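Visitor: Submitted below is the structure of interest, expressed as structure tokens.
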Number of protein chains: 2
Amino acid sequence: MKRDSRLSGVLHVLLHMAEHEGPSTSESLAHAMQTNPVVVRRIMAGLRERGFVRSEKGHGGGWTLARDLEEITLRDVYEALGSPGLLAIGNRTESPGCLVEQAVNAALADSFQEVENVLLARFGGITLKTLHADFHARFARIPRNNRKAVAHEH
Amino acid sequence: MKRDSRLSGVLHVLLHMAEHEGPSTSESLAHAMQTNPVVVRRIMAGLRERGFVRSEKGHGGGWTLARDLEEITLRDVYEALGSPGLLAIGNRTESPGCLVEQAVNAALADSFQEVENVLLARFGGITLKTLHADFHARFARIPRNNRKAVAHEH
DNA sequence: CATCATGTAACTATTGTAGTTACATGAAAA
DNA sequence: TTTTCATGTAACTACAATAGTTACATGATG
């Protein structure tokens with residue numbers, strides 16, 4: 001696996017839920033994502049625990065949003081995934097005895113910390129509402145007769 | 001392997017070379033890094049191609065810096081490694097047909113691009129001289145009788 | 001009670017670094 | 001000229017983490 005794409009995936013799922021009246025099943029969401037229902041359940045588990053979505057079993061069951069779109073930031077979603085590591089590069093050793101390596105690590109760690117803060121700050125400033133509005137802007141630009149092809153069942 | 005630590009490793013090696021009079025062998029550098037000589041040669045190959053270091057075979061051979069410390073930035077070193085991906089997270093699909101996913105990807109790609117630029121800018125502003133000076137500042141703080149233990153043969 | 005849908009464990013596939021072994025190439029010393 | 005030293009590389013194993021899949025348990029609805 002090249003990169004962790006769970007954030008991208010779960011956001012896709014959440015926006016599909018926002019477009020869909022009533023509960024969405026893992027099955028239908030997985031179909032929109034072209035993946036497996038178990039993958040959907042897996043990436044949604046953290047969001048459920050934190051109260052952003054609800055899930056119901058049995059007939060008429062499925063996933064529903066438990067909050068308004070403007071109440072959920074990308075940072076909330078990221079943290080619900082368990083705050084996976086953001087950077088693909090890192091220090092070789094955490095607490096090296098070698099002073100040379102300590103100097104290297106200190107410089108790199110500072111830089112890493114800074115960009116992680118930048119990214120988390122950006123995530124904190126983007127809500128699902130932002131993405132939802134962007135989607136609708138894109139949707140409005142598509143000719144009516146093409147819409148089904150580019151946005152599953154909308 | 002959790003994260004790519006080649007940048008951390010190669011910087012460690014370069015600073016050890018700066019402290020060492022004459023050529024350093026892959027063997028001795030690997031010993032300082034507590035790894036294998038082949039790993040050292042592998043991460044140094046790109047730097048050699050770009051003229052930042054030289055290598056010589058045979059007796060008295062090994063690695064030498066080909067430029068002053070202030071002429072090599074962390075960005076140079078990073079690029080000599082082949083500019084490996086900086087972020088551990090990314091979009092699920094590059095060019096999705098689904099408009100929902102396009103909106104998600106656009107927002108994430110913007111954020112990703114921004115933090116990559118921030119990190120590369122920082123790397124561009126740090127030279128090996130910076131790290132070298134930091135190492136010597138740390139070194140000066142250590143009591144003389146402990147120095148061998150924390151900074152291989154200095 | 002049959003069906004539907006989630007919850008989860010367990011296993012495979014994939015991808016890329018790290019580490020190792022083995023051997024070829026070439027330079028300096030004996 | 002032969003030995004020794006050191007780099008250059010290919011090839012293989014170990015490892016880690018996500019993605020995808022199968023299998024089955026749990027619980028709610030009709």
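To be explicit about the labels: the chains of the structure tokens are called A, B, and onward in the order shown, and within each one the residues are counted from 1, while ligands get numbers from 1 in the order they are shown.
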If you run DSSP over the backbone, which residues in chain A end up helix (DSSP H, G or I)? Put them as a ChimeraX atom specification.
Guide: /A:6-19,26-33,37-49,69-71,74-80,99-124,128-140,144-150
Visitor: Using only C-alpha atoms (C1' of nucleotides), select each residue of chain A with any atom at most 9 Å away from an atom of chain D, and give the selection as a PyMOL selection string.
Guide: chain A and resi 1-6+35-36+38-39+56-61
Visitor: Please dump the current selection as a short mmCIF file (atom, residue, chain, number, x, y, z; two decimals), in the first residue's frame; keep all heavy atoms.
Guide:
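And here's again36.cif as it stands now:
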data_model
loop_
_atom_site.label_atom_id
_atom_site.label_comp_id
_atom_site.auth_asym_id
_atom_site.auth_seq_id
_atom_site.Cartn_x
_atom_site.Cartn_y
_atom_site.Cartn_z
N MET A 1 0.85 -1.21 0.00
CA MET A 1 0.00 0.00 0.00
C MET A 1 0.87 1.24 0.00
O MET A 1 1.72 1.42 0.87
CB MET A 1 -0.84 0.02 1.29
CG MET A 1 -2.30 -0.19 1.08
SD MET A 1 -2.89 -1.85 0.74
CE MET A 1 -2.63 -2.15 -0.97
N LYS A 2 0.67 2.08 -0.94
CA LYS A 2 1.51 3.27 -1.04
C LYS A 2 1.27 4.17 0.17
O LYS A 2 2.14 4.38 0.98
CB LYS A 2 1.20 4.03 -2.32
CG LYS A 2 2.43 4.52 -3.07
CD LYS A 2 2.00 5.29 -4.31
CE LYS A 2 3.18 5.77 -5.14
NZ LYS A 2 4.00 4.69 -5.69
N ARG A 3 0.06 4.72 0.27
CA ARG A 3 -0.25 5.65 1.34
C ARG A 3 -1.57 5.29 2.01
O ARG A 3 -2.41 4.63 1.43
CB ARG A 3 -0.40 7.06 0.77
CG ARG A 3 0.88 7.66 0.27
CD ARG A 3 0.54 8.79 -0.65
NE ARG A 3 1.56 9.82 -0.64
CZ ARG A 3 1.46 10.95 -1.31
NH1 ARG A 3 0.36 11.21 -1.99
NH2 ARG A 3 2.42 11.85 -1.29
N ASP A 4 -1.72 5.81 3.21
CA ASP A 4 -2.96 5.63 3.96
C ASP A 4 -4.05 6.51 3.35
O ASP A 4 -3.97 7.73 3.39
CB ASP A 4 -2.67 6.03 5.41
CG ASP A 4 -3.89 5.86 6.30
OD1 ASP A 4 -5.01 5.70 5.78
OD2 ASP A 4 -3.72 5.88 7.51
N SER A 5 -5.08 5.88 2.78
CA SER A 5 -6.12 6.67 2.12
C SER A 5 -7.44 6.60 2.88
O SER A 5 -8.50 6.83 2.32
CB SER A 5 -6.32 6.17 0.69
OG SER A 5 -6.82 4.84 0.69
N ARG A 6 -7.36 6.28 4.17
CA ARG A 6 -8.59 6.15 4.94
C ARG A 6 -9.33 7.47 5.11
O ARG A 6 -10.56 7.52 5.07
CB ARG A 6 -8.30 5.54 6.31
CG ARG A 6 -8.01 4.05 6.23
CD ARG A 6 -7.67 3.49 7.59
NE ARG A 6 -6.43 4.04 8.08
CZ ARG A 6 -6.00 3.88 9.33
NH1 ARG A 6 -6.73 3.19 10.19
NH2 ARG A 6 -4.86 4.41 9.70
N THR A 35 -15.38 -0.54 -3.19
CA THR A 35 -14.59 -1.36 -2.28
C THR A 35 -15.53 -2.31 -1.56
O THR A 35 -16.62 -2.59 -2.03
CB THR A 35 -13.80 -0.48 -1.29
OG1 THR A 35 -12.99 -1.30 -0.47
CG2 THR A 35 -14.72 0.34 -0.41
N ASN A 36 -15.09 -2.79 -0.42
CA ASN A 36 -15.78 -3.82 0.31
C ASN A 36 -16.51 -3.25 1.54
O ASN A 36 -15.97 -2.37 2.20
CB ASN A 36 -14.72 -4.84 0.74
CG ASN A 36 -15.33 -6.11 1.25
OD1 ASN A 36 -15.96 -6.11 2.30
ND2 ASN A 36 -15.15 -7.18 0.52
N VAL A 38 -16.86 -4.29 4.46
CA VAL A 38 -16.10 -4.39 5.70
C VAL A 38 -15.12 -3.23 5.84
O VAL A 38 -14.89 -2.73 6.94
CB VAL A 38 -15.34 -5.74 5.76
CG1 VAL A 38 -14.46 -5.79 7.00
CG2 VAL A 38 -16.34 -6.89 5.77
N VAL A 39 -14.59 -2.78 4.72
CA VAL A 39 -13.68 -1.63 4.75
C VAL A 39 -14.44 -0.40 5.24
O VAL A 39 -13.95 0.38 6.06
CB VAL A 39 -13.07 -1.37 3.34
CG1 VAL A 39 -12.26 -0.08 3.32
CG2 VAL A 39 -12.21 -2.56 2.93
N GLU A 56 -27.28 1.33 12.71
CA GLU A 56 -28.40 0.49 13.15
C GLU A 56 -28.37 -0.83 12.42
O GLU A 56 -28.12 -0.87 11.21
CB GLU A 56 -29.75 1.18 12.85
CG GLU A 56 -29.91 2.56 13.47
CD GLU A 56 -30.11 2.53 14.99
OE1 GLU A 56 -30.40 1.43 15.53
OE2 GLU A 56 -29.97 3.60 15.62
N LYS A 57 -28.66 -1.89 13.16
CA LYS A 57 -28.69 -3.21 12.54
C LYS A 57 -30.08 -3.50 11.98
O LYS A 57 -31.03 -2.77 12.23
CB LYS A 57 -28.34 -4.28 13.57
CG LYS A 57 -26.90 -4.24 14.03
CD LYS A 57 -26.67 -5.31 15.09
CE LYS A 57 -25.18 -5.36 15.46
NZ LYS A 57 -24.93 -6.34 16.54
N GLY A 58 -30.17 -4.61 11.26
CA GLY A 58 -31.45 -5.11 10.80
C GLY A 58 -32.10 -4.35 9.65
O GLY A 58 -31.50 -3.45 9.07
N HIS A 59 -33.33 -4.71 9.35
CA HIS A 59 -34.07 -4.08 8.25
C HIS A 59 -34.12 -2.58 8.44
O HIS A 59 -34.38 -2.09 9.55
CB HIS A 59 -35.49 -4.63 8.20
CG HIS A 59 -35.58 -6.01 7.64
ND1 HIS A 59 -35.72 -6.28 6.29
CD2 HIS A 59 -35.52 -7.21 8.24
CE1 HIS A 59 -35.76 -7.58 6.09
NE2 HIS A 59 -35.64 -8.17 7.27
N GLY A 60 -33.88 -1.87 7.35
CA GLY A 60 -33.92 -0.40 7.41
C GLY A 60 -32.74 0.18 8.15
O GLY A 60 -32.72 1.38 8.44
N GLY A 61 -31.79 -0.68 8.49
CA GLY A 61 -30.63 -0.20 9.22
C GLY A 61 -29.61 0.45 8.31
O GLY A 61 -29.86 0.68 7.13
#
Visitor: Just the number, please: distance in Å from atom CA of Thr127 of chain A to atom CA of Glu71 of chain A, one decimal.
Guide: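 These two atoms are separated by 6.9 Å.
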Visitor: Find, counting only C-alpha atoms, the residue in B:Glu94, B:Gly62, B:Leu15, B:Phe52 that gets nearest to Ser28 of chain B.
Guide: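 Checking each candidate against Ser28 of chain B, we get B:Gly62 as the closest.
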Visitor: Show me which bits of chain B are within 9 Å of chain A, counting only C-alpha atoms, as a count of residues only.
Guide: 59
Visitor: State, in Å with one decimal place, the distance from atom CA of Glu49 of chain B to atom CA of Gln34 of chain B.
Guide: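 Separation between atom CA of Glu49 of chain B and atom CA of Gln34 of chain B: 24.8 Å.
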Visitor: Go through A:Met17, A:Ala30, A:Ala66, A:Ala45 and flag the residue nearest chain C, using only C-alpha atoms (C1' of nucleotides) for the distances.
Guide: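 Looking only at the distances to chain C, the closest residue turns out to be A:Ala45.
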Visitor: Residues of chain C within 9 Å of chain B, using only C-alpha atoms (C1' of nucleotides), as a PDB file with C-alpha atoms (C1' of nucleotides), in the first residue's frame?
Guide:
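result_30.pdb, freshly written:
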ATOM      1  C1'  DG C  16       8.430   0.011   0.117  1.00  0.00           C
ATOM      2  C1'  DT C  17      12.361   0.485   3.518  1.00  0.00           C
ATOM      3  C1'  DA C  18      15.944  -1.964   6.205  1.00  0.00           C
ATOM      4  C1'  DG C  19      19.093  -5.412   6.566  1.00  0.00           C
ATOM      5  C1'  DT C  20      21.973  -9.160   4.721  1.00  0.00           C
ATOM      6  C1'  DG C  26      38.918  -1.407  -9.531  1.00  0.00           C
ATOM      7  C1'  DA C  27      42.821   0.814  -6.827  1.00  0.00           C
ATOM      8  C1'  DA C  28      46.736   0.602  -3.808  1.00  0.00           C
ATOM      9  C1'  DA C  29      50.094  -2.045  -1.270  1.00  0.00           C
TER      10       DA C  29
END
Visitor: Separation of atom CA of Gln113 of chain A and atom CA of Gly82 of chain B, in Å?
Guide: 22.7 Å
Visitor: List as a VMD selection string the protein and nucleic acid residues near Gly46 of chain B, meaning an atom at most 10 Å away when only C-alpha atoms (C1' of nucleotides) are counted, but skip any in the same chain fewer than 6 places from it.
Guide: chain B and resid 52 to 53 77 to 82
Visitor: Write to file, as a PDB file, in the first residue's frame, the residues of the selection just made, with all heavy atoms.
Guide:
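Here's the written file out.pdb:
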ATOM      1  N   PHE B  52      27.777  15.900  -4.490  1.00  0.00           N
ATOM      2  CA  PHE B  52      27.928  16.392  -3.113  1.00  0.00           C
ATOM      3  C   PHE B  52      29.019  15.627  -2.359  1.00  0.00           C
ATOM      4  O   PHE B  52      29.611  16.144  -1.424  1.00  0.00           O
ATOM      5  CB  PHE B  52      26.605  16.298  -2.350  1.00  0.00           C
ATOM      6  CG  PHE B  52      25.538  17.216  -2.876  1.00  0.00           C
ATOM      7  CD1 PHE B  52      24.396  16.711  -3.477  1.00  0.00           C
ATOM      8  CD2 PHE B  52      25.681  18.595  -2.781  1.00  0.00           C
ATOM      9  CE1 PHE B  52      23.414  17.563  -3.975  1.00  0.00           C
ATOM     10  CE2 PHE B  52      24.715  19.460  -3.273  1.00  0.00           C
ATOM     11  CZ  PHE B  52      23.569  18.939  -3.876  1.00  0.00           C
ATOM     12  N   VAL B  53      29.229  14.400  -2.741  1.00  0.00           N
ATOM     13  CA  VAL B  53      30.288  13.593  -2.132  1.00  0.00           C
ATOM     14  C   VAL B  53      31.029  12.834  -3.234  1.00  0.00           C
ATOM     15  O   VAL B  53      30.532  12.717  -4.354  1.00  0.00           O
ATOM     16  CB  VAL B  53      29.716  12.558  -1.117  1.00  0.00           C
ATOM     17  CG1 VAL B  53      28.990  13.248   0.026  1.00  0.00           C
ATOM     18  CG2 VAL B  53      28.800  11.555  -1.813  1.00  0.00           C
ATOM     19  N   VAL B  77      19.849  17.210   0.034  1.00  0.00           N
ATOM     20  CA  VAL B  77      20.027  15.824   0.461  1.00  0.00           C
ATOM     21  C   VAL B  77      18.747  15.030   0.213  1.00  0.00           C
ATOM     22  O   VAL B  77      18.779  13.912  -0.311  1.00  0.00           O
ATOM     23  CB  VAL B  77      20.424  15.766   1.949  1.00  0.00           C
ATOM     24  CG1 VAL B  77      20.544  14.319   2.405  1.00  0.00           C
ATOM     25  CG2 VAL B  77      21.734  16.513   2.177  1.00  0.00           C
ATOM     26  N   TYR B  78      17.633  15.656   0.567  1.00  0.00           N
ATOM     27  CA  TYR B  78      16.334  15.008   0.348  1.00  0.00           C
ATOM     28  C   TYR B  78      16.141  14.658  -1.123  1.00  0.00           C
ATOM     29  O   TYR B  78      15.729  13.543  -1.461  1.00  0.00           O
ATOM     30  CB  TYR B  78      15.213  15.935   0.842  1.00  0.00           C
ATOM     31  CG  TYR B  78      13.857  15.562   0.339  1.00  0.00           C
ATOM     32  CD1 TYR B  78      13.177  14.457   0.861  1.00  0.00           C
ATOM     33  CD2 TYR B  78      13.237  16.289  -0.679  1.00  0.00           C
ATOM     34  CE1 TYR B  78      11.925  14.100   0.387  1.00  0.00           C
ATOM     35  CE2 TYR B  78      11.993  15.937  -1.153  1.00  0.00           C
ATOM     36  CZ  TYR B  78      11.334  14.846  -0.626  1.00  0.00           C
ATOM     37  OH  TYR B  78      10.099  14.498  -1.101  1.00  0.00           O
ATOM     38  N   GLU B  79      16.457  15.607  -2.001  1.00  0.00           N
ATOM     39  CA  GLU B  79      16.271  15.363  -3.434  1.00  0.00           C
ATOM     40  C   GLU B  79      17.253  14.330  -3.956  1.00  0.00           C
ATOM     41  O   GLU B  79      16.928  13.564  -4.860  1.00  0.00           O
ATOM     42  CB  GLU B  79      16.384  16.685  -4.207  1.00  0.00           C
ATOM     43  CG  GLU B  79      15.173  17.576  -3.950  1.00  0.00           C
ATOM     44  CD  GLU B  79      15.285  18.979  -4.565  1.00  0.00           C
ATOM     45  OE1 GLU B  79      16.373  19.309  -5.084  1.00  0.00           O
ATOM     46  OE2 GLU B  79      14.281  19.717  -4.499  1.00  0.00           O
ATOM     47  N   ALA B  80      18.437  14.285  -3.347  1.00  0.00           N
ATOM     48  CA  ALA B  80      19.422  13.283  -3.766  1.00  0.00           C
ATOM     49  C   ALA B  80      18.955  11.876  -3.408  1.00  0.00           C
ATOM     50  O   ALA B  80      19.381  10.892  -4.003  1.00  0.00           O
ATOM     51  CB  ALA B  80      20.772  13.577  -3.125  1.00  0.00           C
ATOM     52  N   LEU B  81      18.055  11.790  -2.445  1.00  0.00           N
ATOM     53  CA  LEU B  81      17.494  10.477  -2.082  1.00  0.00           C
ATOM     54  C   LEU B  81      16.399  10.069  -3.063  1.00  0.00           C
ATOM     55  O   LEU B  81      15.820   8.980  -2.950  1.00  0.00           O
ATOM     56  CB  LEU B  81      16.916  10.515  -0.664  1.00  0.00           C
ATOM     57  CG  LEU B  81      17.936  10.631   0.473  1.00  0.00           C
ATOM     58  CD1 LEU B  81      17.218  10.848   1.799  1.00  0.00           C
ATOM     59  CD2 LEU B  81      18.790   9.372   0.549  1.00  0.00           C
ATOM     60  N   GLY B  82      16.064  10.971  -3.993  1.00  0.00           N
ATOM     61  CA  GLY B  82      15.037  10.652  -4.971  1.00  0.00           C
ATOM     62  C   GLY B  82      13.710  11.287  -4.611  1.00  0.00           C
ATOM     63  O   GLY B  82      12.662  10.871  -5.110  1.00  0.00           O
TER      64      GLY B  82
END
Visitor: Please, which residues of segment 40-142 of chain B, numbered as in this document, come out strand (DSSP E) from DSSP, as a list in words?
Guide: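 Output for segment 40-142 of chain B, strand (DSSP E) only: Val53, Arg54, Ser55, Glu56, Gly62, Trp63, Thr64 and Leu65 of chain B.
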